[in-house]
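To start, the structure under review is shown below, and the notes come after it.
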Amino acid sequence: NENDLENKKVCKAELQKMLGLPVKDVPIIAMISRLVSHKGLELVKTVAEDILHENIQFVLLGTGDFAYEEYFKDLGKRYEGKASINIAFNGDLSRKIYSGSDIFLMPSVSEPCGLSQMIASRYATIPLVRETGGLFDSIKPFGAGGNGFTFSSCNAYDMLYVIHEAIDAYKNTDEWEKLMKKAM
């Protein structure tokens, strides 16, 4: 809870062990999503290699369109030890990902409401969302005193810019902890 964030570190280390990722203090960027185009997966595909060249770990959980499943499985193989791709629907694993990750990526093209960004917030996993529908109703930009990170255009490089902002913010431990508490 917002009064004690120590268990967040425990959840993160356990998630890393469970998914075969090295246990280290780098931001974990997570996605839990149906693997369909309106969830913004084309944006992610466009800059996935750029993201994975950063000092981060990437976790994905979801099922959907065969082409996306195959793309992300291949990405996971190419970045073994840095990316954990889980093509499944698994409620238990989703809760572990929410609780152990640092940044929750939700770049939806459209999203009438969205629950995942709110669930992530409850677990002190900072949402990074596209400003659409319910995502922008519930998540406001960090730089303006908000509770997460946002980008407005449906452009992969705008998303990548904001991912870099989130990674940089993560490095400032005191500010990141304040953001986690605000998100919760």
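Chain lettering (A, B, ...) mirrors the order of the structure tokens, residue numbering begins at 1 for each chain separately, and ligand numbering begins at 1 in order of display.
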How close does region 98-173 of chain A get to region 41-51 of chain A? List, as a Markdown table, each residue of region 98-173 of chain A within 8 Å, its nearest atom pair and the distance in Å to one decimal, counting only C-alpha atoms.
| residue | atom | partner | partner_atom | distance |
| --- | --- | --- | --- | --- |
| A:Pro107 | CA | A:Leu43 | CA | 7.5 |
| A:Ser108 | CA | A:Leu41 | CA | 7.9 |
| A:Cys154 | CA | A:Leu43 | CA | 7.6 |
| A:Asn155 | CA | A:Leu43 | CA | 6.6 |
| A:Ala156 | CA | A:Leu43 | CA | 4.5 |
| A:Tyr157 | CA | A:Val47 | CA | 7.2 |
| A:Met159 | CA | A:Leu43 | CA | 7.7 |
| A:Leu160 | CA | A:Val47 | CA | 6.9 |
| A:Ile163 | CA | A:Ile51 | CA | 8.0 |
Filtering to all heavy atoms, could you give me those residues as a CSV table (one decimal), in the first residue's frame?
chain,number,residue,atom,x,y,z
A,107,PRO,N,-1.1,1.3,-25.0
A,107,PRO,CA,-1.1,2.3,-26.1
A,107,PRO,C,-2.3,2.2,-27.0
A,107,PRO,O,-2.2,2.4,-28.2
A,107,PRO,CB,0.2,2.0,-26.9
A,107,PRO,CG,0.3,0.5,-26.8
A,107,PRO,CD,-0.2,0.2,-25.4
A,108,SER,N,-3.5,1.9,-26.5
A,108,SER,CA,-4.7,1.6,-27.3
A,108,SER,C,-5.0,2.7,-28.3
A,108,SER,O,-4.9,3.9,-28.0
A,108,SER,CB,-5.9,1.5,-26.3
A,108,SER,OG,-5.7,0.4,-25.4
A,154,CYS,N,-1.3,8.9,-32.3
A,154,CYS,CA,-1.2,7.4,-32.6
A,154,CYS,C,0.1,7.2,-33.4
A,154,CYS,O,0.0,6.8,-34.6
A,154,CYS,CB,-2.4,6.9,-33.3
A,154,CYS,SG,-2.7,5.2,-33.0
A,155,ASN,N,1.2,7.5,-32.8
A,155,ASN,CA,2.5,7.5,-33.4
A,155,ASN,C,3.5,6.8,-32.5
A,155,ASN,O,3.7,7.1,-31.4
A,155,ASN,CB,3.0,9.0,-33.7
A,155,ASN,CG,4.3,9.0,-34.3
A,155,ASN,OD1,5.3,8.6,-33.8
A,155,ASN,ND2,4.3,9.6,-35.5
A,156,ALA,N,4.1,5.8,-33.1
A,156,ALA,CA,5.0,4.9,-32.3
A,156,ALA,C,6.2,5.7,-31.7
A,156,ALA,O,6.7,5.4,-30.6
A,156,ALA,CB,5.6,3.8,-33.2
A,157,TYR,N,6.7,6.7,-32.5
A,157,TYR,CA,7.9,7.4,-32.0
A,157,TYR,C,7.5,8.4,-30.9
A,157,TYR,O,8.3,8.7,-30.0
A,157,TYR,CB,8.6,8.1,-33.1
A,157,TYR,CG,9.2,7.0,-34.0
A,157,TYR,CD1,8.6,6.5,-35.1
A,157,TYR,CD2,10.4,6.3,-33.6
A,157,TYR,CE1,9.1,5.4,-35.9
A,157,TYR,CE2,10.9,5.3,-34.3
A,157,TYR,CZ,10.2,4.8,-35.4
A,157,TYR,OH,10.7,3.8,-36.1
A,159,MET,N,5.2,7.6,-28.7
A,159,MET,CA,5.1,6.6,-27.6
A,159,MET,C,6.5,6.3,-27.1
A,159,MET,O,6.7,6.3,-25.9
A,159,MET,CB,4.4,5.3,-28.0
A,159,MET,CG,4.3,4.3,-27.0
A,159,MET,SD,3.7,2.7,-27.5
A,159,MET,CE,5.0,2.1,-28.5
A,160,LEU,N,7.5,6.1,-28.0
A,160,LEU,CA,8.8,5.8,-27.6
A,160,LEU,C,9.4,6.9,-26.8
A,160,LEU,O,10.1,6.7,-25.8
A,160,LEU,CB,9.7,5.5,-28.8
A,160,LEU,CG,11.1,5.1,-28.6
A,160,LEU,CD1,11.2,3.8,-27.7
A,160,LEU,CD2,11.9,4.9,-29.9
A,163,ILE,N,8.1,6.7,-23.4
A,163,ILE,CA,8.7,5.5,-22.7
A,163,ILE,C,10.1,5.9,-22.2
A,163,ILE,O,10.5,5.6,-21.0
A,163,ILE,CB,8.8,4.3,-23.6
A,163,ILE,CG1,7.5,3.7,-23.9
A,163,ILE,CG2,9.8,3.2,-23.1
A,163,ILE,CD1,7.4,2.6,-25.0
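Taking region 12-112 of chain A and asking which residues DSSP calls strand (DSSP E) on the backbone, you get Ile28, Ile29, Ala30, Met31, Ile32, Gln57, Phe58, Val59, Leu60, Leu61, Gly62, Ala83, Ser84, Ile85, Asn86, Ile87, Ile103, Phe104, Leu105 and Met106 of chain A.
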Between A:Glu177, A:Met184, A:Lys9, A:His164, single out the one closest to Ile119 (chain A), counting only C-alpha atoms. A:Met184
Within 12 Å of Glu6 (chain A), counting only C-alpha atoms, which residues qualify if same-chain residues fewer than 5 places away don't, as a PyMOL selection string? chain A and resi 1+11-13+99-100+124+177+180
Convert the current residue selection to file output with N, CA, C and O atoms, as a PDB file, in the first residue's frame.
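What follows is the written file again_30.pdb:
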ATOM      1  N   ASN A   1       0.846  -1.188   0.000  1.00  0.00           N
ATOM      2  CA  ASN A   1       0.000   0.000   0.000  1.00  0.00           C
ATOM      3  C   ASN A   1       0.881   1.237   0.000  1.00  0.00           C
ATOM      4  O   ASN A   1       2.106   1.130   0.095  1.00  0.00           O
ATOM      5  N   CYS A  11       7.825  -8.552  -4.878  1.00  0.00           N
ATOM      6  CA  CYS A  11       6.999  -8.994  -6.016  1.00  0.00           C
ATOM      7  C   CYS A  11       7.795  -8.943  -7.315  1.00  0.00           C
ATOM      8  O   CYS A  11       7.703  -9.857  -8.139  1.00  0.00           O
ATOM      9  N   LYS A  12       8.572  -7.887  -7.486  1.00  0.00           N
ATOM     10  CA  LYS A  12       9.369  -7.734  -8.707  1.00  0.00           C
ATOM     11  C   LYS A  12      10.412  -8.839  -8.825  1.00  0.00           C
ATOM     12  O   LYS A  12      10.535  -9.475  -9.879  1.00  0.00           O
ATOM     13  N   ALA A  13      11.138  -9.100  -7.769  1.00  0.00           N
ATOM     14  CA  ALA A  13      12.167 -10.142  -7.800  1.00  0.00           C
ATOM     15  C   ALA A  13      11.549 -11.511  -8.060  1.00  0.00           C
ATOM     16  O   ALA A  13      12.094 -12.306  -8.840  1.00  0.00           O
ATOM     17  N   SER A  99       1.674  -6.705 -10.106  1.00  0.00           N
ATOM     18  CA  SER A  99       2.325  -6.390  -8.829  1.00  0.00           C
ATOM     19  C   SER A  99       3.840  -6.285  -8.944  1.00  0.00           C
ATOM     20  O   SER A  99       4.465  -5.578  -8.154  1.00  0.00           O
ATOM     21  N   GLY A 100       4.452  -6.941  -9.918  1.00  0.00           N
ATOM     22  CA  GLY A 100       5.907  -6.953 -10.009  1.00  0.00           C
ATOM     23  C   GLY A 100       6.502  -6.024 -11.039  1.00  0.00           C
ATOM     24  O   GLY A 100       7.714  -5.815 -11.051  1.00  0.00           O
ATOM     25  N   ALA A 124       0.764  -0.011  -7.815  1.00  0.00           N
ATOM     26  CA  ALA A 124       1.903   0.917  -7.916  1.00  0.00           C
ATOM     27  C   ALA A 124       2.754   0.651  -9.153  1.00  0.00           C
ATOM     28  O   ALA A 124       3.952   0.888  -9.163  1.00  0.00           O
ATOM     29  N   GLU A 177       9.060   6.968  -6.278  1.00  0.00           N
ATOM     30  CA  GLU A 177       8.274   6.509  -5.135  1.00  0.00           C
ATOM     31  C   GLU A 177       7.056   7.413  -4.911  1.00  0.00           C
ATOM     32  O   GLU A 177       5.960   6.924  -4.634  1.00  0.00           O
ATOM     33  N   MET A 180       4.560   6.447  -7.523  1.00  0.00           N
ATOM     34  CA  MET A 180       3.902   5.184  -7.180  1.00  0.00           C
ATOM     35  C   MET A 180       2.792   5.414  -6.169  1.00  0.00           C
ATOM     36  O   MET A 180       1.685   4.880  -6.309  1.00  0.00           O
TER      37      MET A 180
END
With only C-alpha atoms as the basis for distance, which of A:Glu2, A:Tyr170, A:Val59, A:Ile103 is at the shortest distance from Lys182 (chain A)? A:Glu2
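The space between CA of Phe58 (chain A) and CA of Ile29 (chain A) spans 4.9 Å.
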Looking only at the backbone, which of the residues in region 82-142 of chain A does DSSP tag as alpha helix (DSSP H), as a PyMOL selection string? chain A and resi 91-100+116-122+133-138
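Note that the spacing between CA of Tyr71 (chain A) and CA of Met106 (chain A) amounts to 17.9 Å.
The neighbours of Glu111 (chain A) here are the residues that come within 10 Å of it, using only C-alpha atoms and leaving out any residue fewer than 3 positions away in the same chain; they are His38, Lys39, Met106, Pro107, Ser108, Gly114, Leu115, Arg130, Glu131, Thr132, Gly133, Gly134, Leu135 and Phe136 of chain A.
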When you look at region 81-88 of chain A with a cut-off of 10 Å (counting only C-alpha atoms), what residues show up, excluding the ones that are within fewer than 5 positions of it in the same chain? I need them as number ranges by chain. A: 16, 19-22, 28-32, 34-35, 52-53, 55-64, 68-70, 72-76, 93-94
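Minimum distance to Lys17 (chain A) across A:Ile126, A:Lys96, A:Lys178, A:Ala144 (counting only C-alpha atoms) occurs at A:Lys96.
Between CA of Gln117 (chain A) and CA of Tyr98 (chain A) lies a distance of 9.7 Å.
Nearest residue to Leu105 (chain A) among A:Thr150, A:Ser37, A:Ser138, A:Asn172 is A:Thr150, counting only C-alpha atoms.
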